[in-house]
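Shown next: data.tsv, given as TSV, N, CA, C and O atoms.
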```tsv
chain	number	residue	atom	x	y	z
D	802	ASP	N	8.56	25.49	-2.78
D	802	ASP	CA	8.61	24.04	-2.64
D	802	ASP	C	7.26	23.43	-3.02
D	802	ASP	O	6.22	23.96	-2.66
D	803	MET	N	7.33	22.31	-3.69
D	803	MET	CA	6.10	21.67	-4.15
D	803	MET	C	5.53	20.77	-3.06
D	803	MET	O	6.26	20.17	-2.28
D	804	THR	N	4.20	20.68	-3.07
D	804	THR	CA	3.54	19.77	-2.14
D	804	THR	C	3.60	18.35	-2.69
D	804	THR	O	3.86	18.15	-3.89
D	805	TYR	N	3.33	17.38	-1.82
D	805	TYR	CA	3.30	15.99	-2.28
D	805	TYR	C	2.29	15.84	-3.41
D	805	TYR	O	2.54	15.15	-4.41
D	806	ASP	N	1.14	16.49	-3.28
D	806	ASP	CA	0.10	16.39	-4.30
D	806	ASP	C	0.61	16.93	-5.64
D	806	ASP	O	0.38	16.31	-6.69
D	807	GLN	N	1.31	18.05	-5.63
D	807	GLN	CA	1.86	18.61	-6.87
D	807	GLN	C	2.91	17.68	-7.49
D	807	GLN	O	2.92	17.48	-8.70
D	808	VAL	N	3.76	17.12	-6.64
D	808	VAL	CA	4.77	16.19	-7.13
D	808	VAL	C	4.09	14.96	-7.73
D	808	VAL	O	4.47	14.49	-8.80
D	809	PHE	N	3.08	14.45	-7.04
D	809	PHE	CA	2.37	13.26	-7.54
D	809	PHE	C	1.76	13.54	-8.91
D	809	PHE	O	1.87	12.71	-9.82
D	810	LYS	N	1.14	14.69	-9.07
D	810	LYS	CA	0.51	15.02	-10.37
D	810	LYS	C	1.56	15.10	-11.48
D	810	LYS	O	1.31	14.65	-12.60
D	811	ARG	N	2.71	15.66	-11.17
D	811	ARG	CA	3.79	15.70	-12.17
D	811	ARG	C	4.30	14.29	-12.48
D	811	ARG	O	4.61	13.98	-13.62
D	812	TYR	N	4.43	13.48	-11.43
D	812	TYR	CA	4.86	12.09	-11.62
D	812	TYR	C	3.93	11.36	-12.58
D	812	TYR	O	4.39	10.69	-13.51
D	813	ILE	N	2.64	11.52	-12.37
D	813	ILE	CA	1.67	10.86	-13.26
D	813	ILE	C	1.82	11.39	-14.68
D	813	ILE	O	1.92	10.61	-15.64
D	814	LYS	N	1.86	12.69	-14.82
D	814	LYS	CA	1.91	13.32	-16.15
D	814	LYS	C	3.22	13.04	-16.88
D	814	LYS	O	3.22	12.70	-18.07
D	815	GLU	N	4.33	13.20	-16.18
D	815	GLU	CA	5.63	13.14	-16.84
D	815	GLU	C	6.26	11.75	-16.87
D	815	GLU	O	7.17	11.51	-17.66
D	816	TYR	N	5.79	10.85	-16.01
D	816	TYR	CA	6.40	9.52	-15.98
D	816	TYR	C	5.38	8.38	-16.09
D	816	TYR	O	5.46	7.57	-17.00
D	817	ALA	N	4.47	8.32	-15.14
D	817	ALA	CA	3.62	7.12	-15.03
D	817	ALA	C	2.77	6.86	-16.26
D	817	ALA	O	2.65	5.72	-16.70
D	818	ARG	N	2.19	7.90	-16.84
D	818	ARG	CA	1.36	7.70	-18.04
D	818	ARG	C	2.16	7.13	-19.20
D	818	ARG	O	1.63	6.40	-20.03
D	819	LEU	N	3.43	7.48	-19.24
D	819	LEU	CA	4.29	7.03	-20.33
D	819	LEU	C	4.90	5.65	-20.10
D	819	LEU	O	5.23	4.96	-21.06
D	820	HIS	N	5.08	5.27	-18.83
D	820	HIS	CA	5.85	4.07	-18.53
D	820	HIS	C	5.13	2.99	-17.73
D	820	HIS	O	5.73	1.96	-17.46
D	821	THR	N	3.89	3.26	-17.31
D	821	THR	CA	3.17	2.24	-16.54
D	821	THR	C	1.77	2.05	-17.10
D	821	THR	O	1.21	2.94	-17.74
D	822	ARG	N	1.22	0.89	-16.83
D	822	ARG	CA	-0.17	0.64	-17.21
D	822	ARG	C	-1.11	0.88	-16.04
D	822	ARG	O	-2.32	0.84	-16.21
D	823	THR	N	-0.57	1.11	-14.87
D	823	THR	CA	-1.39	1.22	-13.66
D	823	THR	C	-1.56	2.66	-13.17
D	823	THR	O	-1.98	2.88	-12.04
D	824	TRP	N	-1.26	3.64	-14.00
D	824	TRP	CA	-1.30	5.03	-13.54
D	824	TRP	C	-2.69	5.45	-13.09
D	824	TRP	O	-2.83	6.23	-12.15
D	825	ARG	N	-3.73	4.92	-13.70
D	825	ARG	CA	-5.09	5.26	-13.26
D	825	ARG	C	-5.35	4.70	-11.86
D	825	ARG	O	-5.98	5.36	-11.04
D	826	ASP	N	-4.87	3.51	-11.61
D	826	ASP	CA	-4.99	2.93	-10.26
D	826	ASP	C	-4.23	3.79	-9.25
D	826	ASP	O	-4.70	4.03	-8.14
D	827	MET	N	-3.05	4.25	-9.65
D	827	MET	CA	-2.25	5.11	-8.77
D	827	MET	C	-3.03	6.37	-8.40
D	827	MET	O	-3.03	6.79	-7.24
D	828	GLU	N	-3.70	6.97	-9.38
D	828	GLU	CA	-4.50	8.16	-9.10
D	828	GLU	C	-5.64	7.85	-8.14
D	828	GLU	O	-5.91	8.62	-7.22
D	829	GLN	N	-6.29	6.72	-8.36
D	829	GLN	CA	-7.40	6.33	-7.49
D	829	GLN	C	-6.91	6.12	-6.06
D	829	GLN	O	-7.52	6.61	-5.11
D	830	TYR	N	-5.81	5.40	-5.88
D	830	TYR	CA	-5.26	5.17	-4.55
D	830	TYR	C	-4.80	6.48	-3.91
D	830	TYR	O	-4.98	6.69	-2.71
D	831	HIS	N	-4.23	7.36	-4.72
D	831	HIS	CA	-3.81	8.66	-4.21
D	831	HIS	C	-5.01	9.41	-3.62
D	831	HIS	O	-4.92	9.98	-2.53
D	832	ASN	N	-6.11	9.38	-4.34
D	832	ASN	CA	-7.31	10.07	-3.86
D	832	ASN	C	-7.89	9.40	-2.60
D	832	ASN	O	-8.48	10.08	-1.76
D	833	LEU	N	-7.71	8.11	-2.47
D	833	LEU	CA	-8.25	7.39	-1.31
D	833	LEU	C	-7.39	7.50	-0.05
D	833	LEU	O	-7.92	7.63	1.05
D	834	TYR	N	-6.08	7.44	-0.20
D	834	TYR	CA	-5.22	7.22	0.95
D	834	TYR	C	-4.24	8.35	1.32
D	834	TYR	O	-3.60	8.27	2.36
D	835	TYR	N	-4.11	9.37	0.50
D	835	TYR	CA	-3.03	10.33	0.70
D	835	TYR	C	-3.48	11.70	1.23
D	835	TYR	O	-2.73	12.65	1.18
D	836	ASP	N	-4.68	11.80	1.76
D	836	ASP	CA	-5.18	13.09	2.24
D	836	ASP	C	-4.22	13.76	3.22
D	836	ASP	O	-4.02	14.97	3.17
D	837	ARG	N	-3.64	12.99	4.12
D	837	ARG	CA	-2.80	13.59	5.16
D	837	ARG	C	-1.52	14.22	4.60
D	837	ARG	O	-0.89	15.03	5.27
D	838	PHE	N	-1.14	13.86	3.38
D	838	PHE	CA	0.08	14.41	2.78
D	838	PHE	C	-0.19	15.43	1.68
D	838	PHE	O	0.73	16.10	1.23
D	839	ARG	N	-1.41	15.54	1.26
D	839	ARG	CA	-1.78	16.33	0.08
D	839	ARG	C	-1.24	17.77	0.10
D	839	ARG	O	-0.66	18.22	-0.87
D	840	GLY	N	-1.40	18.50	1.18
D	840	GLY	CA	-0.99	19.89	1.22
D	840	GLY	C	0.38	20.13	1.82
D	840	GLY	O	0.79	21.28	2.01
D	841	ARG	N	1.10	19.08	2.11
D	841	ARG	CA	2.42	19.21	2.75
D	841	ARG	C	3.53	19.10	1.72
D	841	ARG	O	3.46	18.30	0.79
D	842	THR	N	4.56	19.91	1.91
D	842	THR	CA	5.72	19.79	1.03
D	842	THR	C	6.47	18.51	1.39
D	842	THR	O	6.29	17.96	2.48
D	843	LEU	N	7.31	18.05	0.49
D	843	LEU	CA	8.08	16.83	0.77
D	843	LEU	C	8.96	17.02	2.00
D	843	LEU	O	9.16	16.08	2.76
D	844	GLU	N	9.46	18.23	2.19
D	844	GLU	CA	10.30	18.51	3.36
D	844	GLU	C	9.52	18.36	4.66
D	844	GLU	O	10.09	18.06	5.70
D	845	GLN	N	8.21	18.57	4.62
D	845	GLN	CA	7.37	18.49	5.81
D	845	GLN	C	6.92	17.07	6.14
D	845	GLN	O	6.37	16.83	7.21
D	846	ILE	N	7.15	16.15	5.23
D	846	ILE	CA	6.75	14.76	5.45
D	846	ILE	C	7.94	14.01	6.05
D	846	ILE	O	8.95	13.80	5.38
D	847	LEU	N	7.80	13.63	7.29
D	847	LEU	CA	8.89	12.95	8.00
D	847	LEU	C	8.70	11.44	7.96
D	847	LEU	O	7.59	10.94	7.77
D	848	ARG	N	9.79	10.73	8.15
D	848	ARG	CA	9.74	9.26	8.14
D	848	ARG	C	8.72	8.75	9.16
D	848	ARG	O	7.99	7.80	8.89
D	849	GLY	N	8.69	9.37	10.33
D	849	GLY	CA	7.74	8.96	11.35
D	849	GLY	C	6.30	9.15	10.91
D	849	GLY	O	5.43	8.33	11.24
D	850	ASP	N	6.03	10.22	10.17
D	850	ASP	CA	4.68	10.45	9.63
D	850	ASP	C	4.29	9.32	8.68
D	850	ASP	O	3.16	8.81	8.72
D	851	VAL	N	5.23	8.95	7.83
D	851	VAL	CA	4.97	7.88	6.86
D	851	VAL	C	4.78	6.55	7.58
D	851	VAL	O	3.86	5.78	7.27
D	852	GLN	N	5.61	6.28	8.58
D	852	GLN	CA	5.49	5.02	9.32
D	852	GLN	C	4.15	4.95	10.04
D	852	GLN	O	3.49	3.90	10.04
D	853	ASN	N	3.72	6.04	10.65
D	853	ASN	CA	2.42	6.05	11.32
D	853	ASN	C	1.28	5.81	10.33
D	853	ASN	O	0.33	5.09	10.63
D	854	TRP	N	1.38	6.39	9.16
D	854	TRP	CA	0.38	6.21	8.11
D	854	TRP	C	0.33	4.75	7.65
D	854	TRP	O	-0.74	4.16	7.54
D	855	VAL	N	1.51	4.16	7.42
D	855	VAL	CA	1.59	2.76	6.99
D	855	VAL	C	1.02	1.85	8.09
D	855	VAL	O	0.26	0.92	7.81
D	856	ASN	N	1.37	2.13	9.33
D	856	ASN	CA	0.85	1.32	10.44
D	856	ASN	C	-0.67	1.42	10.51
D	856	ASN	O	-1.35	0.42	10.73
D	857	HIS	N	-1.20	2.62	10.32
D	857	HIS	CA	-2.65	2.82	10.35
D	857	HIS	C	-3.32	2.04	9.22
D	857	HIS	O	-4.31	1.33	9.45
D	858	LEU	N	-2.79	2.18	8.00
D	858	LEU	CA	-3.36	1.42	6.86
D	858	LEU	C	-3.24	-0.07	7.09
D	858	LEU	O	-4.15	-0.84	6.76
D	859	GLY	N	-2.12	-0.49	7.64
D	859	GLY	CA	-1.84	-1.91	7.81
D	859	GLY	C	-2.72	-2.61	8.83
D	859	GLY	O	-2.81	-3.83	8.84
D	860	LYS	N	-3.36	-1.87	9.70
D	860	LYS	CA	-4.25	-2.49	10.70
D	860	LYS	C	-5.39	-3.25	10.04
D	860	LYS	O	-5.83	-4.26	10.55
D	861	THR	N	-5.86	-2.74	8.91
D	861	THR	CA	-6.97	-3.40	8.23
D	861	THR	C	-6.62	-3.86	6.82
D	861	THR	O	-7.28	-4.74	6.29
D	862	LYS	N	-5.59	-3.26	6.23
D	862	LYS	CA	-5.25	-3.54	4.83
D	862	LYS	C	-3.75	-3.64	4.66
D	862	LYS	O	-3.11	-2.73	4.13
D	863	LYS	N	-3.17	-4.74	5.09
D	863	LYS	CA	-1.72	-4.87	5.07
D	863	LYS	C	-1.13	-4.75	3.66
D	863	LYS	O	-0.14	-4.05	3.46
D	864	GLU	N	-1.73	-5.42	2.70
D	864	GLU	CA	-1.21	-5.35	1.33
D	864	GLU	C	-1.32	-3.94	0.77
D	864	GLU	O	-0.42	-3.47	0.08
D	865	THR	N	-2.42	-3.27	1.09
D	865	THR	CA	-2.60	-1.89	0.63
D	865	THR	C	-1.53	-0.99	1.23
D	865	THR	O	-0.96	-0.15	0.55
D	866	ALA	N	-1.25	-1.18	2.51
D	866	ALA	CA	-0.23	-0.37	3.18
D	866	ALA	C	1.12	-0.54	2.49
D	866	ALA	O	1.81	0.44	2.20
D	867	ASN	N	1.49	-1.76	2.20
D	867	ASN	CA	2.77	-2.03	1.53
D	867	ASN	C	2.81	-1.42	0.13
D	867	ASN	O	3.81	-0.84	-0.28
D	868	ARG	N	1.71	-1.57	-0.61
D	868	ARG	CA	1.65	-1.01	-1.97
D	868	ARG	C	1.75	0.51	-1.96
D	868	ARG	O	2.41	1.10	-2.81
D	869	GLN	N	1.07	1.12	-1.01
D	869	GLN	CA	1.08	2.58	-0.97
D	869	GLN	C	2.44	3.11	-0.53
D	869	GLN	O	2.88	4.16	-1.01
D	870	LEU	N	3.10	2.39	0.35
D	870	LEU	CA	4.46	2.78	0.72
D	870	LEU	C	5.38	2.69	-0.51
D	870	LEU	O	6.17	3.60	-0.77
D	871	GLU	N	5.23	1.63	-1.29
D	871	GLU	CA	6.02	1.50	-2.52
D	871	GLU	C	5.70	2.62	-3.49
D	871	GLU	O	6.60	3.16	-4.15
D	872	GLN	N	4.42	2.98	-3.60
D	872	GLN	CA	4.03	4.06	-4.51
D	872	GLN	C	4.64	5.37	-4.05
D	872	GLN	O	5.18	6.13	-4.86
D	873	MET	N	4.58	5.66	-2.75
D	873	MET	CA	5.16	6.90	-2.25
D	873	MET	C	6.67	6.93	-2.50
D	873	MET	O	7.22	7.96	-2.91
D	874	ARG	N	7.33	5.81	-2.28
D	874	ARG	CA	8.78	5.74	-2.54
D	874	ARG	C	9.08	6.02	-4.01
D	874	ARG	O	10.05	6.71	-4.34
D	875	ALA	N	8.25	5.46	-4.89
D	875	ALA	CA	8.45	5.67	-6.33
D	875	ALA	C	8.28	7.14	-6.69
D	875	ALA	O	9.09	7.70	-7.45
D	876	VAL	N	7.27	7.78	-6.13
D	876	VAL	CA	7.02	9.19	-6.44
D	876	VAL	C	8.16	10.06	-5.92
D	876	VAL	O	8.68	10.91	-6.65
D	877	ILE	N	8.58	9.84	-4.68
D	877	ILE	CA	9.66	10.65	-4.12
D	877	ILE	C	10.98	10.37	-4.82
D	877	ILE	O	11.75	11.29	-5.12
D	878	GLY	N	11.25	9.11	-5.14
D	878	GLY	CA	12.46	8.76	-5.89
D	878	GLY	C	12.48	9.42	-7.25
D	878	GLY	O	13.52	9.95	-7.69
D	879	TRP	N	11.34	9.42	-7.92
D	879	TRP	CA	11.25	10.09	-9.22
D	879	TRP	C	11.50	11.59	-9.06
D	879	TRP	O	12.22	12.19	-9.87
D	880	ALA	N	10.92	12.20	-8.02
D	880	ALA	CA	11.10	13.64	-7.78
D	880	ALA	C	12.57	13.98	-7.57
D	880	ALA	O	13.06	15.01	-8.06
D	881	ILE	N	13.29	13.12	-6.87
D	881	ILE	CA	14.72	13.34	-6.66
D	881	ILE	C	15.47	13.23	-7.98
D	881	ILE	O	16.27	14.10	-8.33
D	882	ASN	N	15.19	12.19	-8.75
D	882	ASN	CA	15.86	12.00	-10.04
D	882	ASN	C	15.53	13.10	-11.05
D	882	ASN	O	16.36	13.44	-11.89
D	883	ALA	N	14.32	13.66	-10.94
D	883	ALA	CA	13.89	14.72	-11.86
D	883	ALA	C	14.28	16.11	-11.35
D	883	ALA	O	13.90	17.11	-11.95
D	884	ASP	N	15.02	16.15	-10.25
D	884	ASP	CA	15.46	17.42	-9.64
D	884	ASP	C	14.33	18.32	-9.16
D	884	ASP	O	14.46	19.54	-9.14
D	885	TYR	N	13.21	17.70	-8.78
D	885	TYR	CA	12.13	18.46	-8.16
D	885	TYR	C	12.29	18.49	-6.64
D	885	TYR	O	11.63	19.26	-5.97
D	886	TYR	N	13.13	17.62	-6.13
D	886	TYR	CA	13.32	17.52	-4.68
D	886	TYR	C	14.76	17.14	-4.40
D	886	TYR	O	15.30	16.24	-5.01
D	887	LYS	N	15.36	17.80	-3.44
D	887	LYS	CA	16.77	17.55	-3.11
D	887	LYS	C	16.95	16.81	-1.80
D	887	LYS	O	18.04	16.41	-1.47
D	888	GLY	N	15.88	16.64	-1.04
D	888	GLY	CA	15.98	16.03	0.30
D	888	GLY	C	16.25	14.55	0.28
D	888	GLY	O	16.45	13.93	-0.75
D	889	ALA	N	16.24	13.98	1.49
D	889	ALA	CA	16.55	12.56	1.63
D	889	ALA	C	15.56	11.88	2.55
D	889	ALA	O	15.92	11.29	3.54
D	890	ASN	N	14.27	11.99	2.23
D	890	ASN	CA	13.26	11.31	3.06
D	890	ASN	C	13.44	9.87	2.87
D	890	ASN	O	13.05	9.00	2.64
```
Since I need it in another form, could you write the structure as structure tokens?
Amino acid sequence: DMTYDQVFKRYIKEYARLHTRTWRDMEQYHNLYYDRFRGRTLEQILRGDVQNWVNHLGKTKKETANRQLEQMRAVIGWAINADYYKGAN
């Protein structure tokens, strides 16, 4: 099973670089905000973990929290569509 970090790197390489102009920003935000998920497989990331992370980010950076939640959803949605992940987080 791939870790979130591995899935994110594939997302950037196989999708974001080809279809978005903000992929460099995505990488920067990934390096800033995703440490707690980096070594965990997608199966190990629970909704409650994500909600706690968003709540923590939102205490000081509400817009950032919302953007990062959207980014995580995009990455996981892409992984499902690309058959890298079968779960339903």
Worksheet item: If we count only C-alpha atoms, what is near segment 861-869 of chain D at a cut-off of 9 Å, once residues fewer than 5 positions away on the same chain are taken out, given as a ChimeraX atom specification?
Response: /D:827,830-831,834-835,854-856,874
Go ahead and fit an axis-aligned box to every listed atom of segment 812-819 of chain D plus 5 Å each side, and pass me the centre and edge lengths in Å, one decimal, as JSON.
```
{"center_x": 4.3, "center_y": 9.2, "center_z": -16.2, "size_x": 15.8, "size_y": 18.5, "size_z": 19.6}
```
Worksheet entry | Which of chain D DSSP labels alpha helix (DSSP H), written as a ChimeraX atom specification | /D:805-812,818-820,824-834,848-859,863-882
Worksheet entry | Within 8 Å of Phe809 of chain D using only N, CA, C and O atoms, minus same-chain residues under 5 positions, as a list in words |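 The contact residues come out as Met803, Thr804, Lys814, Glu815, Tyr816, Ala817, Glu828, Val876 and Ile877 of chain D.
The shortest atom-to-atom distance to Val808 of chain D, with only N, CA, C and O atoms taken into account, belongs to D:Arg841 out of D:Gly888, D:Gly849, D:Arg841, D:Thr823.
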Practice prompt. Considering only C-alpha atoms, state which residue in the set D:Leu819, D:Leu858, D:Leu843, D:Leu833 is at the smallest distance from Ala880 of chain D.
Written response: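 Using only C-alpha atoms, Ala880 of chain D sits closest to D:Leu843.
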Fill in: Separation of atom O of Gly859 of chain D from atom C of His820 of chain D, in Å and rounded to one decimal
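Those two atoms sit 28.6 Å apart.
Restricting the calculation to only C-alpha atoms, the smallest distance between Gly878 of chain D and any of D:Tyr812, D:Phe838, D:Asp850, D:Asp802 is found for D:Tyr812.
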Worksheet item: Do you have the atom C of Asp884 of chain D-atom N of Glu871 of chain D distance handy?
Response: 20.6 Å
Worksheet entry | Point (12.4, 17.1, 0.5) neighbourhood (9 Å, only C-alpha atoms) written as a PyMOL selection string | chain D and resi 802+842-846+877+881+885-890
Could you turn the residues from that selection into a file that holds N, CA, C and O atoms, as a PDB file, in the frame of the given file?
```pdb
ATOM      1  N   ASP D 802       8.560  25.490  -2.780  1.00  0.00           N
ATOM      2  CA  ASP D 802       8.610  24.040  -2.640  1.00  0.00           C
ATOM      3  C   ASP D 802       7.260  23.430  -3.020  1.00  0.00           C
ATOM      4  O   ASP D 802       6.220  23.960  -2.660  1.00  0.00           O
ATOM      5  N   THR D 842       4.560  19.910   1.910  1.00  0.00           N
ATOM      6  CA  THR D 842       5.720  19.790   1.030  1.00  0.00           C
ATOM      7  C   THR D 842       6.470  18.510   1.390  1.00  0.00           C
ATOM      8  O   THR D 842       6.290  17.960   2.480  1.00  0.00           O
ATOM      9  N   LEU D 843       7.310  18.050   0.490  1.00  0.00           N
ATOM     10  CA  LEU D 843       8.080  16.830   0.770  1.00  0.00           C
ATOM     11  C   LEU D 843       8.960  17.020   2.000  1.00  0.00           C
ATOM     12  O   LEU D 843       9.160  16.080   2.760  1.00  0.00           O
ATOM     13  N   GLU D 844       9.460  18.230   2.190  1.00  0.00           N
ATOM     14  CA  GLU D 844      10.300  18.510   3.360  1.00  0.00           C
ATOM     15  C   GLU D 844       9.520  18.360   4.660  1.00  0.00           C
ATOM     16  O   GLU D 844      10.090  18.060   5.700  1.00  0.00           O
ATOM     17  N   GLN D 845       8.210  18.570   4.620  1.00  0.00           N
ATOM     18  CA  GLN D 845       7.370  18.490   5.810  1.00  0.00           C
ATOM     19  C   GLN D 845       6.920  17.070   6.140  1.00  0.00           C
ATOM     20  O   GLN D 845       6.370  16.830   7.210  1.00  0.00           O
ATOM     21  N   ILE D 846       7.150  16.150   5.230  1.00  0.00           N
ATOM     22  CA  ILE D 846       6.750  14.760   5.450  1.00  0.00           C
ATOM     23  C   ILE D 846       7.940  14.010   6.050  1.00  0.00           C
ATOM     24  O   ILE D 846       8.950  13.800   5.380  1.00  0.00           O
ATOM     25  N   ILE D 877       8.580   9.840  -4.680  1.00  0.00           N
ATOM     26  CA  ILE D 877       9.660  10.650  -4.120  1.00  0.00           C
ATOM     27  C   ILE D 877      10.980  10.370  -4.820  1.00  0.00           C
ATOM     28  O   ILE D 877      11.750  11.290  -5.120  1.00  0.00           O
ATOM     29  N   ILE D 881      13.290  13.120  -6.870  1.00  0.00           N
ATOM     30  CA  ILE D 881      14.720  13.340  -6.660  1.00  0.00           C
ATOM     31  C   ILE D 881      15.470  13.230  -7.980  1.00  0.00           C
ATOM     32  O   ILE D 881      16.270  14.100  -8.330  1.00  0.00           O
ATOM     33  N   TYR D 885      13.210  17.700  -8.780  1.00  0.00           N
ATOM     34  CA  TYR D 885      12.130  18.460  -8.160  1.00  0.00           C
ATOM     35  C   TYR D 885      12.290  18.490  -6.640  1.00  0.00           C
ATOM     36  O   TYR D 885      11.630  19.260  -5.970  1.00  0.00           O
ATOM     37  N   TYR D 886      13.130  17.620  -6.130  1.00  0.00           N
ATOM     38  CA  TYR D 886      13.320  17.520  -4.680  1.00  0.00           C
ATOM     39  C   TYR D 886      14.760  17.140  -4.400  1.00  0.00           C
ATOM     40  O   TYR D 886      15.300  16.240  -5.010  1.00  0.00           O
ATOM     41  N   LYS D 887      15.360  17.800  -3.440  1.00  0.00           N
ATOM     42  CA  LYS D 887      16.770  17.550  -3.110  1.00  0.00           C
ATOM     43  C   LYS D 887      16.950  16.810  -1.800  1.00  0.00           C
ATOM     44  O   LYS D 887      18.040  16.410  -1.470  1.00  0.00           O
ATOM     45  N   GLY D 888      15.880  16.640  -1.040  1.00  0.00           N
ATOM     46  CA  GLY D 888      15.980  16.030   0.300  1.00  0.00           C
ATOM     47  C   GLY D 888      16.250  14.550   0.280  1.00  0.00           C
ATOM     48  O   GLY D 888      16.450  13.930  -0.750  1.00  0.00           O
ATOM     49  N   ALA D 889      16.240  13.980   1.490  1.00  0.00           N
ATOM     50  CA  ALA D 889      16.550  12.560   1.630  1.00  0.00           C
ATOM     51  C   ALA D 889      15.560  11.880   2.550  1.00  0.00           C
ATOM     52  O   ALA D 889      15.920  11.290   3.540  1.00  0.00           O
ATOM     53  N   ASN D 890      14.270  11.990   2.230  1.00  0.00           N
ATOM     54  CA  ASN D 890      13.260  11.310   3.060  1.00  0.00           C
ATOM     55  C   ASN D 890      13.440   9.870   2.870  1.00  0.00           C
ATOM     56  O   ASN D 890      13.050   9.000   2.640  1.00  0.00           O
TER      57      ASN D 890
END
```
Discussion item. What's the separation between atom CA of Ile813 of chain D and atom CA of Asn853 of chain D, in Å to one decimal place?
Written reply: 25.1 Å
Worksheet item: When distances are computed from only C-alpha atoms, which of D:Val851, D:Asp806, D:His857, D:Arg822 shows the smallest separation from Arg839 of chain D?
Response: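 Selected residue with least distance to Arg839 of chain D: D:Asp806.
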